[in-house]
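Undergrad: Hey, dropping target.pdb in here, PDB, C-alpha atoms and all ligand atoms:
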ATOM      1  CA  MET A1020      -9.226 -10.334  -0.198
ATOM      2  CA  THR A1021      -6.167 -11.234   1.801
ATOM      3  CA  ALA A1022      -3.695  -8.663   3.025
ATOM      4  CA  GLY A1023      -1.131 -10.181   0.654
ATOM      5  CA  GLY A1024      -3.483  -9.665  -2.281
ATOM      6  CA  ALA A1025      -4.094  -6.049  -1.274
ATOM      7  CA  GLU A1026      -0.418  -5.209  -1.770
ATOM      8  CA  SER A1027      -0.478  -5.885  -5.484
ATOM      9  CA  LEU A1028      -4.050  -4.809  -6.155
ATOM     10  CA  TRP A1029      -3.541  -1.268  -4.905
ATOM     11  CA  ASP A1030      -0.037  -0.888  -6.266
ATOM     12  CA  PHE A1031      -0.709   1.365  -9.262
ATOM     13  CA  HIS A1032       1.869   2.589 -11.741
ATOM     14  CA  SER A1033       0.516   5.852 -13.132
ATOM     15  CA  ASP A1034       3.385   6.421 -15.545
ATOM     16  CA  SER A1035       3.253   3.028 -17.210
ATOM     17  CA  ALA A1036       2.298   2.744 -20.863
ATOM     18  CA  PRO A1037      -1.407   2.932 -21.622
ATOM     19  CA  GLU A1038      -3.114  -0.125 -23.014
ATOM     20  CA  HIS A1039      -5.878   1.582 -24.936
ATOM     21  CA  GLY A1040      -4.171   4.213 -26.997
ATOM     22  CA  CYS A1041      -5.058   7.189 -24.819
ATOM     23  CA  GLY A1042      -1.621   8.710 -24.162
ATOM     24  CA  PRO A1043      -0.265   8.918 -20.621
ATOM     25  CA  ALA A1044      -0.829  12.678 -20.668
ATOM     26  CA  ALA A1045      -4.543  11.961 -20.705
ATOM     27  CA  VAL A1046      -4.404  10.579 -17.184
ATOM     28  CA  ARG A1047      -1.999  13.100 -15.705
ATOM     29  CA  VAL A1048      -4.354  15.191 -13.645
ATOM     30  CA  ARG A1049      -3.051  17.565 -11.027
ATOM     31  CA  PHE A1050      -5.107  18.885  -8.169
ATOM     32  CA  ASP A1051      -4.338  21.560  -5.617
ATOM     33  CA  VAL A1052      -3.572  18.908  -3.051
ATOM     34  CA  GLU A1053      -2.108  15.539  -3.972
ATOM     35  CA  PRO A1054      -3.363  12.652  -1.849
ATOM     36  CA  PRO A1055      -0.683  11.304   0.448
ATOM     37  CA  ARG A1056      -0.043   7.606  -0.121
ATOM     38  CA  ALA A1057      -1.147   6.945   3.441
ATOM     39  CA  GLU A1058      -4.668   8.064   2.500
ATOM     40  CA  ARG A1059      -4.819   5.083   0.175
ATOM     41  CA  VAL A1060      -8.252   4.238  -1.111
ATOM     42  CA  ILE A1061     -11.535   6.060  -0.451
ATOM     43  CA  ASP A1062     -15.056   4.577  -0.540
ATOM     44  CA  VAL A1063     -17.387   7.458  -1.431
ATOM     45  CA  HIS A1064     -20.722   5.704  -0.864
ATOM     46  CA  CYS A1065     -21.480   3.611   2.207
ATOM     47  CA  HIS A1066     -24.427   3.330   4.602
ATOM     48  CA  ILE A1067     -22.215   2.797   7.627
ATOM     49  CA  LEU A1068     -23.877   5.035  10.230
ATOM     50  CA  PRO A1069     -25.677   2.727  12.660
ATOM     51  CA  GLY A1070     -29.433   2.719  13.232
ATOM     52  CA  LEU A1071     -30.122   5.620  10.919
ATOM     53  CA  ASP A1072     -31.426   4.596   7.506
ATOM     54  CA  ASP A1073     -31.493   1.114   5.959
ATOM     55  CA  GLY A1074     -27.759   0.703   6.575
ATOM     56  CA  ALA A1075     -25.828  -0.678   9.556
ATOM     57  CA  VAL A1076     -28.358  -1.966  12.047
ATOM     58  CA  ASP A1077     -26.277  -1.222  15.141
ATOM     59  CA  LEU A1078     -22.826  -0.140  16.287
ATOM     60  CA  ASP A1079     -21.369  -3.654  16.063
ATOM     61  CA  ASP A1080     -22.512  -3.873  12.450
ATOM     62  CA  ALA A1081     -20.979  -0.480  11.632
ATOM     63  CA  VAL A1082     -17.637  -1.435  13.215
ATOM     64  CA  ALA A1083     -17.689  -4.735  11.317
ATOM     65  CA  MET A1084     -18.267  -2.821   8.055
ATOM     66  CA  ALA A1085     -15.302  -0.597   8.856
ATOM     67  CA  ALA A1086     -13.207  -3.698   9.556
ATOM     68  CA  GLN A1087     -14.195  -5.132   6.166
ATOM     69  CA  ALA A1088     -13.130  -1.916   4.488
ATOM     70  CA  ALA A1089      -9.855  -1.694   6.399
ATOM     71  CA  GLU A1090      -8.986  -5.261   5.516
ATOM     72  CA  ASP A1091      -9.710  -4.429   1.886
ATOM     73  CA  GLY A1092      -7.220  -1.546   1.857
ATOM     74  CA  VAL A1093      -9.795   1.248   2.174
ATOM     75  CA  ARG A1094      -8.663   4.043   4.517
ATOM     76  CA  ARG A1095     -11.524   6.537   4.337
ATOM     77  CA  ILE A1096     -15.255   5.870   4.076
ATOM     78  CA  CYS A1097     -17.899   8.466   3.301
ATOM     79  CA  ALA A1098     -20.993   7.942   5.424
ATOM     80  CA  THR A1099     -23.863   8.484   3.017
ATOM     81  CA  PRO A1100     -27.210   7.957   4.779
ATOM     82  CA  HIS A1101     -30.300   8.321   2.629
ATOM     83  CA  ILE A1102     -31.687  11.850   2.558
ATOM     84  CA  ARG A1103     -35.040  10.821   1.180
ATOM     85  CA  HIS A1104     -38.696  11.080   2.099
ATOM     86  CA  ASP A1105     -38.844   7.494   3.434
ATOM     87  CA  HIS A1106     -35.913   7.881   5.857
ATOM     88  CA  ASP A1107     -35.979  10.119   8.896
ATOM     89  CA  VAL A1108     -32.388  11.379   8.827
ATOM     90  CA  VAL A1109     -31.712  14.690  10.563
ATOM     91  CA  VAL A1110     -29.027  16.353   8.465
ATOM     92  CA  ALA A1111     -27.737  18.486  11.341
ATOM     93  CA  GLU A1112     -26.962  15.338  13.358
ATOM     94  CA  ILE A1113     -24.769  13.625  10.748
ATOM     95  CA  ALA A1114     -21.486  15.220  11.820
ATOM     96  CA  GLU A1115     -21.870  14.188  15.464
ATOM     97  CA  ARG A1116     -22.906  10.668  14.454
ATOM     98  CA  VAL A1117     -19.787  10.411  12.286
ATOM     99  CA  ALA A1118     -17.600  11.702  15.114
ATOM    100  CA  ALA A1119     -19.094   9.151  17.524
ATOM    101  CA  LEU A1120     -18.442   6.319  15.083
ATOM    102  CA  ASN A1121     -14.872   7.503  14.526
ATOM    103  CA  ARG A1122     -14.281   7.437  18.276
ATOM    104  CA  GLU A1123     -15.479   3.840  18.289
ATOM    105  CA  LEU A1124     -13.237   2.901  15.355
ATOM    106  CA  ALA A1125     -10.261   4.434  17.147
ATOM    107  CA  ARG A1126     -11.103   2.383  20.243
ATOM    108  CA  ALA A1127     -11.172  -0.711  18.028
ATOM    109  CA  ALA A1128      -7.768   0.301  16.573
ATOM    110  CA  LEU A1129      -9.082   0.183  13.025
ATOM    111  CA  ARG A1130      -7.048   2.078  10.425
ATOM    112  CA  VAL A1131     -10.018   3.625   8.728
ATOM    113  CA  ARG A1132     -11.771   6.968   9.145
ATOM    114  CA  VAL A1133     -15.342   7.932   8.360
ATOM    115  CA  GLU A1134     -16.196  11.205   6.640
ATOM    116  CA  THR A1135     -19.462  13.110   6.633
ATOM    117  CA  GLY A1136     -21.846  12.915   3.705
ATOM    118  CA  GLY A1137     -25.240  11.836   2.498
ATOM    119  CA  GLU A1138     -26.972  10.242  -0.452
ATOM    120  CA  VAL A1139     -29.503  12.870  -1.393
ATOM    121  CA  ALA A1140     -32.474  11.813  -3.482
ATOM    122  CA  GLU A1141     -32.898  13.920  -6.612
ATOM    123  CA  THR A1142     -36.410  14.591  -5.381
ATOM    124  CA  ALA A1143     -35.189  15.820  -1.968
ATOM    125  CA  LEU A1144     -32.709  18.447  -3.148
ATOM    126  CA  ASP A1145     -35.271  21.251  -3.179
ATOM    127  CA  ARG A1146     -35.980  21.010   0.542
ATOM    128  CA  LEU A1147     -32.334  21.392   1.602
ATOM    129  CA  ASP A1148     -31.047  24.881   2.258
ATOM    130  CA  ARG A1149     -27.483  25.881   1.540
ATOM    131  CA  ARG A1150     -26.255  25.022   5.018
ATOM    132  CA  GLU A1151     -27.819  21.577   4.827
ATOM    133  CA  LEU A1152     -26.290  20.968   1.404
ATOM    134  CA  ALA A1153     -22.869  21.735   2.904
ATOM    135  CA  GLN A1154     -23.606  19.275   5.717
ATOM    136  CA  VAL A1155     -24.382  16.428   3.272
ATOM    137  CA  ALA A1156     -21.620  17.270   0.777
ATOM    138  CA  LEU A1157     -18.932  14.585   0.972
ATOM    139  CA  GLY A1158     -16.341  15.541   3.588
ATOM    140  CA  GLY A1159     -18.146  18.837   4.118
ATOM    141  CA  GLY A1160     -16.839  20.068   0.755
ATOM    142  CA  ARG A1161     -18.793  21.011  -2.356
ATOM    143  CA  TRP A1162     -19.675  17.656  -3.948
ATOM    144  CA  VAL A1163     -23.125  16.203  -3.257
ATOM    145  CA  LEU A1164     -23.879  12.531  -3.930
ATOM    146  CA  VAL A1165     -27.250  12.534  -5.704
ATOM    147  CA  GLU A1166     -29.440   9.450  -6.019
ATOM    148  CA  PRO A1167     -31.313   9.672  -9.335
ATOM    149  CA  ALA A1168     -35.086   9.434  -9.274
ATOM    150  CA  PRO A1169     -36.403   5.888  -9.868
ATOM    151  CA  GLY A1170     -36.349   4.741 -13.483
ATOM    152  CA  PRO A1171     -34.051   5.725 -16.349
ATOM    153  CA  LEU A1172     -31.952   8.886 -16.068
ATOM    154  CA  ALA A1173     -34.058  11.803 -17.297
ATOM    155  CA  ASP A1174     -34.150  15.568 -17.798
ATOM    156  CA  GLY A1175     -34.860  16.124 -14.099
ATOM    157  CA  LEU A1176     -31.357  15.010 -13.155
ATOM    158  CA  GLU A1177     -29.780  17.486 -15.582
ATOM    159  CA  ALA A1178     -31.924  20.192 -14.018
ATOM    160  CA  ALA A1179     -30.730  19.080 -10.577
ATOM    161  CA  VAL A1180     -27.091  19.336 -11.678
ATOM    162  CA  ALA A1181     -27.716  22.855 -12.966
ATOM    163  CA  GLN A1182     -29.554  23.844  -9.811
ATOM    164  CA  LEU A1183     -26.791  22.553  -7.534
ATOM    165  CA  ASP A1184     -24.207  24.342  -9.668
ATOM    166  CA  ARG A1185     -26.103  27.617  -9.266
ATOM    167  CA  ARG A1186     -26.042  27.063  -5.504
ATOM    168  CA  GLY A1187     -22.293  26.472  -5.519
ATOM    169  CA  PHE A1188     -22.223  22.679  -5.363
ATOM    170  CA  GLY A1189     -21.084  19.923  -7.688
ATOM    171  CA  THR A1190     -23.046  16.744  -8.376
ATOM    172  CA  ILE A1191     -21.910  13.157  -8.091
ATOM    173  CA  VAL A1192     -24.390  10.880  -9.857
ATOM    174  CA  ALA A1193     -24.824   7.764  -7.694
ATOM    175  CA  HIS A1194     -24.924   4.294  -9.257
ATOM    176  CA  PRO A1195     -26.269   5.109 -12.767
ATOM    177  CA  GLU A1196     -26.036   1.396 -13.571
ATOM    178  CA  ARG A1197     -29.236   0.988 -11.586
ATOM    179  CA  HIS A1198     -30.960   3.399 -13.953
ATOM    180  CA  ALA A1199     -29.817   1.891 -17.229
ATOM    181  CA  ASP A1200     -31.790   1.920 -20.446
ATOM    182  CA  GLU A1201     -30.799   2.451 -24.078
ATOM    183  CA  GLN A1202     -30.195   6.155 -23.339
ATOM    184  CA  LEU A1203     -27.742   5.608 -20.473
ATOM    185  CA  LEU A1204     -24.620   6.561 -22.441
ATOM    186  CA  PHE A1205     -26.250   9.652 -23.960
ATOM    187  CA  ARG A1206     -27.545  10.771 -20.565
ATOM    188  CA  LEU A1207     -24.226  10.294 -18.783
ATOM    189  CA  GLU A1208     -22.341  12.162 -21.490
ATOM    190  CA  ARG A1209     -24.682  15.128 -21.076
ATOM    191  CA  LEU A1210     -24.396  15.061 -17.291
ATOM    192  CA  VAL A1211     -20.597  14.891 -17.388
ATOM    193  CA  GLU A1212     -20.467  17.695 -19.963
ATOM    194  CA  ARG A1213     -22.402  19.734 -17.397
ATOM    195  CA  GLY A1214     -19.728  19.050 -14.774
ATOM    196  CA  ALA A1215     -21.145  16.038 -12.922
ATOM    197  CA  LEU A1216     -18.993  13.188 -11.671
ATOM    198  CA  VAL A1217     -20.186   9.584 -11.887
ATOM    199  CA  GLN A1218     -19.949   6.992  -9.098
ATOM    200  CA  VAL A1219     -20.529   3.311  -9.809
ATOM    201  CA  THR A1220     -20.989   0.396  -7.413
ATOM    202  CA  ALA A1221     -17.700  -1.488  -7.126
ATOM    203  CA  ALA A1222     -19.126  -4.973  -6.659
ATOM    204  CA  LEU A1223     -21.374  -4.669  -9.720
ATOM    205  CA  LEU A1224     -18.320  -4.080 -11.933
ATOM    206  CA  ALA A1225     -17.402  -7.683 -11.265
ATOM    207  CA  GLU A1226     -20.806  -9.173 -12.065
ATOM    208  CA  PRO A1227     -21.387 -10.756 -15.470
ATOM    209  CA  GLY A1228     -24.696  -8.961 -16.070
ATOM    210  CA  SER A1229     -23.757  -5.384 -15.239
ATOM    211  CA  GLY A1230     -19.953  -5.485 -15.446
ATOM    212  CA  PRO A1231     -19.401  -5.209 -19.236
ATOM    213  CA  VAL A1232     -21.650  -2.147 -19.579
ATOM    214  CA  MET A1233     -19.978  -0.436 -16.616
ATOM    215  CA  LEU A1234     -16.520  -1.256 -17.934
ATOM    216  CA  ASP A1235     -17.491   0.254 -21.265
ATOM    217  CA  LEU A1236     -18.516   3.439 -19.437
ATOM    218  CA  ALA A1237     -15.172   3.465 -17.605
ATOM    219  CA  ARG A1238     -13.269   3.129 -20.883
ATOM    220  CA  ARG A1239     -15.170   6.148 -22.180
ATOM    221  CA  GLY A1240     -14.075   8.241 -19.207
ATOM    222  CA  LEU A1241     -17.551   8.228 -17.688
ATOM    223  CA  VAL A1242     -16.662   6.595 -14.357
ATOM    224  CA  HIS A1243     -14.932   8.820 -11.806
ATOM    225  CA  LEU A1244     -15.506   7.249  -8.401
ATOM    226  CA  LEU A1245     -16.173   3.855  -6.810
ATOM    227  CA  GLY A1246     -18.459   3.224  -3.883
ATOM    228  CA  SER A1247     -19.333   0.028  -2.075
ATOM    229  CA  ASP A1248     -22.910   1.186  -1.402
ATOM    230  CA  ALA A1249     -22.707  -1.358   1.420
ATOM    231  CA  HIS A1250     -25.609  -1.456   3.864
ATOM    232  CA  SER A1251     -24.447  -4.083   6.370
ATOM    233  CA  SER A1252     -21.610  -6.445   7.229
ATOM    234  CA  ARG A1253     -24.135  -9.235   7.554
ATOM    235  CA  ALA A1254     -25.903  -9.241   4.197
ATOM    236  CA  GLY A1255     -25.747  -7.771   0.728
ATOM    237  CA  ARG A1256     -22.713  -6.067  -0.758
ATOM    238  CA  PRO A1257     -19.645  -5.927   1.501
ATOM    239  CA  ALA A1258     -17.924  -2.656   2.391
ATOM    240  CA  ARG A1259     -15.140  -3.403  -0.077
ATOM    241  CA  LEU A1260     -13.909  -1.963  -3.365
ATOM    242  CA  SER A1261     -11.316  -4.523  -4.447
ATOM    243  CA  ALA A1262     -13.609  -6.628  -6.657
ATOM    244  CA  GLY A1263     -14.404  -3.544  -8.713
ATOM    245  CA  VAL A1264     -10.762  -2.524  -8.945
ATOM    246  CA  ALA A1265      -9.811  -6.029 -10.062
ATOM    247  CA  ALA A1266     -12.497  -5.832 -12.768
ATOM    248  CA  LEU A1267     -11.121  -2.500 -13.992
ATOM    249  CA  GLN A1268      -7.620  -3.966 -14.085
ATOM    250  CA  ALA A1269      -8.778  -7.116 -15.887
ATOM    251  CA  GLY A1270     -10.682  -4.909 -18.324
ATOM    252  CA  GLY A1271      -7.456  -3.139 -19.291
ATOM    253  CA  LEU A1272      -8.207   0.289 -17.850
ATOM    254  CA  HIS A1273      -5.012   2.321 -17.602
ATOM    255  CA  PRO A1274      -3.475   2.037 -14.101
ATOM    256  CA  GLY A1275      -3.260   5.813 -13.882
ATOM    257  CA  GLU A1276      -6.992   6.082 -14.436
ATOM    258  CA  ILE A1277      -7.702   3.465 -11.786
ATOM    259  CA  ASP A1278      -5.506   5.399  -9.381
ATOM    260  CA  LEU A1279      -7.486   8.535 -10.145
ATOM    261  CA  ILE A1280     -10.784   6.723  -9.588
ATOM    262  CA  VAL A1281      -9.949   5.232  -6.197
ATOM    263  CA  ARG A1282      -7.574   7.871  -4.777
ATOM    264  CA  GLY A1283      -7.038  11.074  -6.747
ATOM    265  CA  LEU A1284     -10.594  12.084  -7.550
ATOM    266  CA  PRO A1285     -12.150  11.064  -4.213
ATOM    267  CA  HIS A1286      -9.373  12.898  -2.399
ATOM    268  CA  ALA A1287     -10.082  16.016  -4.466
ATOM    269  CA  VAL A1288     -13.799  15.604  -3.724
ATOM    270  CA  LEU A1289     -13.228  15.315   0.035
ATOM    271  CA  SER A1290     -10.932  18.334  -0.103
ATOM    272  CA  GLY A1291     -13.792  20.367  -1.531
ATOM    273  CA  GLN A1292     -11.901  21.218  -4.711
ATOM    274  CA  ARG A1293     -13.727  22.558  -7.751
ATOM    275  CA  PHE A1294     -12.688  20.799 -10.942
ATOM    276  CA  ALA A1295     -14.165  19.613 -14.229
ATOM    277  CA  PRO A1296     -14.553  15.872 -14.843
ATOM    278  CA  PRO A1297     -11.039  15.036 -16.054
ATOM    279  CA  LEU A1298     -11.443  11.924 -18.155
ATOM    280  CA  ALA A1299     -14.287  12.712 -20.547
ATOM    281  CA  GLY A1300     -12.103  14.535 -23.060
ATOM    282  CA  ARG A1301     -10.375  11.361 -24.075
ATOM    283  CA  ARG A1302     -13.403   9.181 -24.716
ATOM    284  CA  ASP A1303     -12.683   6.471 -27.217
ATOM    285  CA  HIS A1304     -15.915   5.656 -29.008
ATOM    286  CA  SER A1305     -14.288   2.759 -30.833
ATOM    287  CA  LEU A1306     -14.263   0.741 -27.607
ATOM    288  CA  VAL A1307     -17.517  -1.087 -27.122
TER
HETATM  289 FE    FE B   1     -26.779   4.025  -1.392
END
Kindly return the structure encoded in the file as structure tokens.
TA:
Amino acid sequence: MTAGGAESLWDFHSDSAPEHGCGPAAVRVRFDVEPPRAERVIDVHCHILPGLDDGAVDLDDAVAMAAQAAEDGVRRICATPHIRHDHDVVVAEIAERVAALNRELARAALRVRVETGGEVAETALDRLDRRELAQVALGGGRWVLVEPAPGPLADGLEAAVAQLDRRGFGTIVAHPERHADEQLLFRLERLVERGALVQVTAALLAEPGSGPVMLDLARRGLVHLLGSDAHSSRAGRPARLSAGVAALQAGGLHPGEIDLIVRGLPHAVLSGQRFAPPLAGRRDHSLV
């Protein structure tokens, strides 16, 4: 996306009239700390730390991913390396790796900052103690990005949400579109009722196969956060969110809700605020 295009794409109007009959009050959500405009857009899921998991292969790749994001209008990126049995990520090292990358981005004069985090496999939660959970929570707050176990969403994920809640942490369900079956809607409703937030992959919102289902979830208030889930600047999905935002706009989602999804909610997550998923109460089941 060009810089000129970014101006209009990110220019939300939260107080404008809704297009889907859910009154403007439904999208007026107030948090303890409002995100400054300068914070702009936040990518909550990105494998940008170099040479660590299956993400950026080296420092040049990581800087190039950050440049992609900056050019796209993203200002903060959560580093979310896989915390999973098949990746040897030392949780205690994440903060220093993020700091080192931020020093490099400053040297490159890129207007984007990386935050700490992790993408914790549902099956790996048990082996993390409370301190480690805090180290992988996005921005060092209380929200943990959880990668569902392979296959359709199942009871185990609800148990994981409950277990994290008992330990003082909130759950963000990563990319449920990759775990879709005929029970997806039912499962997500139950997870959100239990306090979980839902993150979808921005680029997949714009794809003909997955996009309509994901847009339907967004219209039902079951999408709270966007992530690029980018793994490299050289292949696969780019470290950008704009294609997903454009799909939400084209799909008629209220601008105030889009603003919440790309700025308000991720800012609240990175600030470590405790809050209930704000959009589920206005689900419109007539929209399919
Ligand atoms: Fe990921």
Undergrad: Dump the neighbourhood of ligand FE 1 (chain B) as a list of chain:residue names: all residues within 9 Å, distances computed on only C-alpha atoms and all ligand atoms.
TA: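 What falls inside 9 Å of ligand FE 1 (chain B) is A:His1064, A:Cys1065, A:His1066, A:Gly1074, A:Thr1099, A:Pro1100, A:His1101, A:Gly1137, A:Glu1138, A:Glu1166, A:Ala1193, A:His1194, A:Gly1246, A:Ser1247, A:Asp1248, A:Ala1249, A:His1250.
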Undergrad: At a cut-off of 8 Å around the point (-19.2, 15.8, 2.1) (file coordinates), what residues fall inside when counting all atoms listed in the file? I'd like the answer as a ChimeraX atom specification.
TA: /A:1097,1134-1137,1153-1163,1288-1289,1291
Undergrad: Find the residues around segment 1081-1092 of chain A up to 9 Å (only C-alpha atoms counted), leave out those fewer than 4 positions away in its own chain, and share them as a ChimeraX atom specification.
TA: /A:1020-1022,1025-1026,1029,1059-1060,1062,1066-1069,1074-1077,1096,1120,1123-1124,1127,1129-1133,1249-1253,1257-1261
Undergrad: Take the residues from that selection and write them out as a PDB file, in the frame of the given file, keeping C-alpha atoms.
TA:
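Below is the file that was written, out.pdb:
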ATOM      1  CA  MET A1020      -9.226 -10.334  -0.198  1.00  0.00           C
ATOM      2  CA  THR A1021      -6.167 -11.234   1.801  1.00  0.00           C
ATOM      3  CA  ALA A1022      -3.695  -8.663   3.025  1.00  0.00           C
ATOM      4  CA  ALA A1025      -4.094  -6.049  -1.274  1.00  0.00           C
ATOM      5  CA  GLU A1026      -0.418  -5.209  -1.770  1.00  0.00           C
ATOM      6  CA  TRP A1029      -3.541  -1.268  -4.905  1.00  0.00           C
ATOM      7  CA  ARG A1059      -4.819   5.083   0.175  1.00  0.00           C
ATOM      8  CA  VAL A1060      -8.252   4.238  -1.111  1.00  0.00           C
ATOM      9  CA  ASP A1062     -15.056   4.577  -0.540  1.00  0.00           C
ATOM     10  CA  HIS A1066     -24.427   3.330   4.602  1.00  0.00           C
ATOM     11  CA  ILE A1067     -22.215   2.797   7.627  1.00  0.00           C
ATOM     12  CA  LEU A1068     -23.877   5.035  10.230  1.00  0.00           C
ATOM     13  CA  PRO A1069     -25.677   2.727  12.660  1.00  0.00           C
ATOM     14  CA  GLY A1074     -27.759   0.703   6.575  1.00  0.00           C
ATOM     15  CA  ALA A1075     -25.828  -0.678   9.556  1.00  0.00           C
ATOM     16  CA  VAL A1076     -28.358  -1.966  12.047  1.00  0.00           C
ATOM     17  CA  ASP A1077     -26.277  -1.222  15.141  1.00  0.00           C
ATOM     18  CA  ILE A1096     -15.255   5.870   4.076  1.00  0.00           C
ATOM     19  CA  LEU A1120     -18.442   6.319  15.083  1.00  0.00           C
ATOM     20  CA  GLU A1123     -15.479   3.840  18.289  1.00  0.00           C
ATOM     21  CA  LEU A1124     -13.237   2.901  15.355  1.00  0.00           C
ATOM     22  CA  ALA A1127     -11.172  -0.711  18.028  1.00  0.00           C
ATOM     23  CA  LEU A1129      -9.082   0.183  13.025  1.00  0.00           C
ATOM     24  CA  ARG A1130      -7.048   2.078  10.425  1.00  0.00           C
ATOM     25  CA  VAL A1131     -10.018   3.625   8.728  1.00  0.00           C
ATOM     26  CA  ARG A1132     -11.771   6.968   9.145  1.00  0.00           C
ATOM     27  CA  VAL A1133     -15.342   7.932   8.360  1.00  0.00           C
ATOM     28  CA  ALA A1249     -22.707  -1.358   1.420  1.00  0.00           C
ATOM     29  CA  HIS A1250     -25.609  -1.456   3.864  1.00  0.00           C
ATOM     30  CA  SER A1251     -24.447  -4.083   6.370  1.00  0.00           C
ATOM     31  CA  SER A1252     -21.610  -6.445   7.229  1.00  0.00           C
ATOM     32  CA  ARG A1253     -24.135  -9.235   7.554  1.00  0.00           C
ATOM     33  CA  PRO A1257     -19.645  -5.927   1.501  1.00  0.00           C
ATOM     34  CA  ALA A1258     -17.924  -2.656   2.391  1.00  0.00           C
ATOM     35  CA  ARG A1259     -15.140  -3.403  -0.077  1.00  0.00           C
ATOM     36  CA  LEU A1260     -13.909  -1.963  -3.365  1.00  0.00           C
ATOM     37  CA  SER A1261     -11.316  -4.523  -4.447  1.00  0.00           C
TER      38      SER A1261
END
Undergrad: Could you jot down the atom CA of Glu1115 of chain A to atom CA of Asp1073 of chain A separation for me, Å, one decimal place?
TA: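 These atoms are spaced 18.8 Å apart.
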Undergrad: Hey, which bits of segment 1178-1246 of chain A sit within 8 Å of segment 1265-1275 of chain A, and for each residue what's the closest pair of atoms and how far apart in Å (one decimal), counting all atoms listed in the file, rows by chain and increasing number, as a tab-separated table?
TA:
residue	atom	partner	partner_atom	distance
A:Leu1224	CA	A:Ala1266	CA	6.1
A:Ala1225	CA	A:Ala1266	CA	5.5
A:Gly1230	CA	A:Ala1266	CA	7.9
A:Leu1234	CA	A:Leu1267	CA	6.8
A:Ala1237	CA	A:Leu1272	CA	7.7
A:Arg1238	CA	A:Leu1272	CA	6.5
Undergrad: What is the distance between atom CA of Ile1102 of chain A and atom CA of Glu1177 of chain A, in Å to one decimal?
TA: 19.1 Å
Undergrad: Enter the distance from atom CA of Val1165 of chain A to atom CA of Ala1254 of chain A, in Å, rounded to one decimal.
TA: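 A separation of 24.0 Å between them.
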Undergrad: Please provide as an NGL selection string all residues within 9 Å of Leu1144 of chain A, with the sequence filter that same-chain residues fewer than 3 positions apart are discarded (counting all atoms listed in the file).
TA: :A and (1102 or 1139-1141 or 1147-1148 or 1152 or 1165 or 1179 or 1183)
Undergrad: So what does the PyMOL selection byres (((chain A and resi 1223) around 10) and not hetatm) actually pick up in this one, as a list of chain:residue names?
TA: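 Applied to this file, the PyMOL selection byres (((chain A and resi 1223) around 10) and not hetatm) selects A:His1194, A:Glu1196, A:Arg1197, A:Val1219, A:Thr1220, A:Ala1221, A:Ala1222, A:Leu1224, A:Ala1225, A:Glu1226, A:Pro1227, A:Gly1228, A:Ser1229, A:Gly1230, A:Pro1231, A:Met1233, A:Ser1247, A:Arg1256, A:Ala1262, A:Gly1263, A:Ala1266.
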Undergrad: Given the file shown, determine the residues that the PyMOL selection byres (((chain A and resi 1198) around 7) and not hetatm) selects; report them as a VMD selection string.
TA: chain A and resid 1170 to 1172 1195 to 1197 1199 to 1200
Undergrad: Which one of A:Leu1164, A:Pro1297, A:Gly1214, A:Pro1169 sits closest to Ala1181 of chain A if you count only C-alpha atoms?
TA: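 The shortest atom-to-atom distance to Ala1181 of chain A comes from A:Gly1214.
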Undergrad: Applied to the shown file, which residues does the PyMOL selection byres (((chain A and resi 1242) around 9) and not hetatm) return, written as a PyMOL selection string?
TA: chain A and resi 1216-1219+1233-1234+1236-1241+1243-1245+1280+1298
Undergrad: Taking all atoms listed in the file into account, which of A:Val1211, A:Leu1204, A:Arg1095, A:Gln1292 comes nearest Ile1191 of chain A?
TA: A:Val1211
Undergrad: Generate the missing atoms of segment 1261-1269 of chain A up to N, CA and C atoms and report them as a PDB file, in the coordinates of the input.
TA:
ATOM      1  N   SER A1261     -12.354  -3.817  -3.686  1.00  0.00           N
ATOM      2  CA  SER A1261     -11.316  -4.523  -4.447  1.00  0.00           C
ATOM      3  C   SER A1261     -11.862  -5.314  -5.624  1.00  0.00           C
ATOM      4  N   ALA A1262     -13.069  -5.868  -5.526  1.00  0.00           N
ATOM      5  CA  ALA A1262     -13.609  -6.628  -6.657  1.00  0.00           C
ATOM      6  C   ALA A1262     -13.786  -5.712  -7.871  1.00  0.00           C
ATOM      7  N   GLY A1263     -14.231  -4.495  -7.615  1.00  0.00           N
ATOM      8  CA  GLY A1263     -14.404  -3.544  -8.713  1.00  0.00           C
ATOM      9  C   GLY A1263     -13.079  -3.121  -9.309  1.00  0.00           C
ATOM     10  N   VAL A1264     -12.090  -2.907  -8.448  1.00  0.00           N
ATOM     11  CA  VAL A1264     -10.762  -2.524  -8.945  1.00  0.00           C
ATOM     12  C   VAL A1264     -10.172  -3.659  -9.779  1.00  0.00           C
ATOM     13  N   ALA A1265     -10.328  -4.883  -9.304  1.00  0.00           N
ATOM     14  CA  ALA A1265      -9.811  -6.029 -10.062  1.00  0.00           C
ATOM     15  C   ALA A1265     -10.486  -6.113 -11.430  1.00  0.00           C
ATOM     16  N   ALA A1266     -11.788  -5.803 -11.484  1.00  0.00           N
ATOM     17  CA  ALA A1266     -12.497  -5.832 -12.768  1.00  0.00           C
ATOM     18  C   ALA A1266     -11.978  -4.747 -13.706  1.00  0.00           C
ATOM     19  N   LEU A1267     -11.675  -3.574 -13.154  1.00  0.00           N
ATOM     20  CA  LEU A1267     -11.121  -2.500 -13.992  1.00  0.00           C
ATOM     21  C   LEU A1267      -9.746  -2.896 -14.519  1.00  0.00           C
ATOM     22  N   GLN A1268      -8.949  -3.527 -13.652  1.00  0.00           N
ATOM     23  CA  GLN A1268      -7.620  -3.966 -14.085  1.00  0.00           C
ATOM     24  C   GLN A1268      -7.737  -5.045 -15.161  1.00  0.00           C
ATOM     25  N   ALA A1269      -8.610  -6.031 -14.921  1.00  0.00           N
ATOM     26  CA  ALA A1269      -8.778  -7.116 -15.887  1.00  0.00           C
ATOM     27  C   ALA A1269      -9.329  -6.588 -17.209  1.00  0.00           C
TER      28      ALA A1269
END
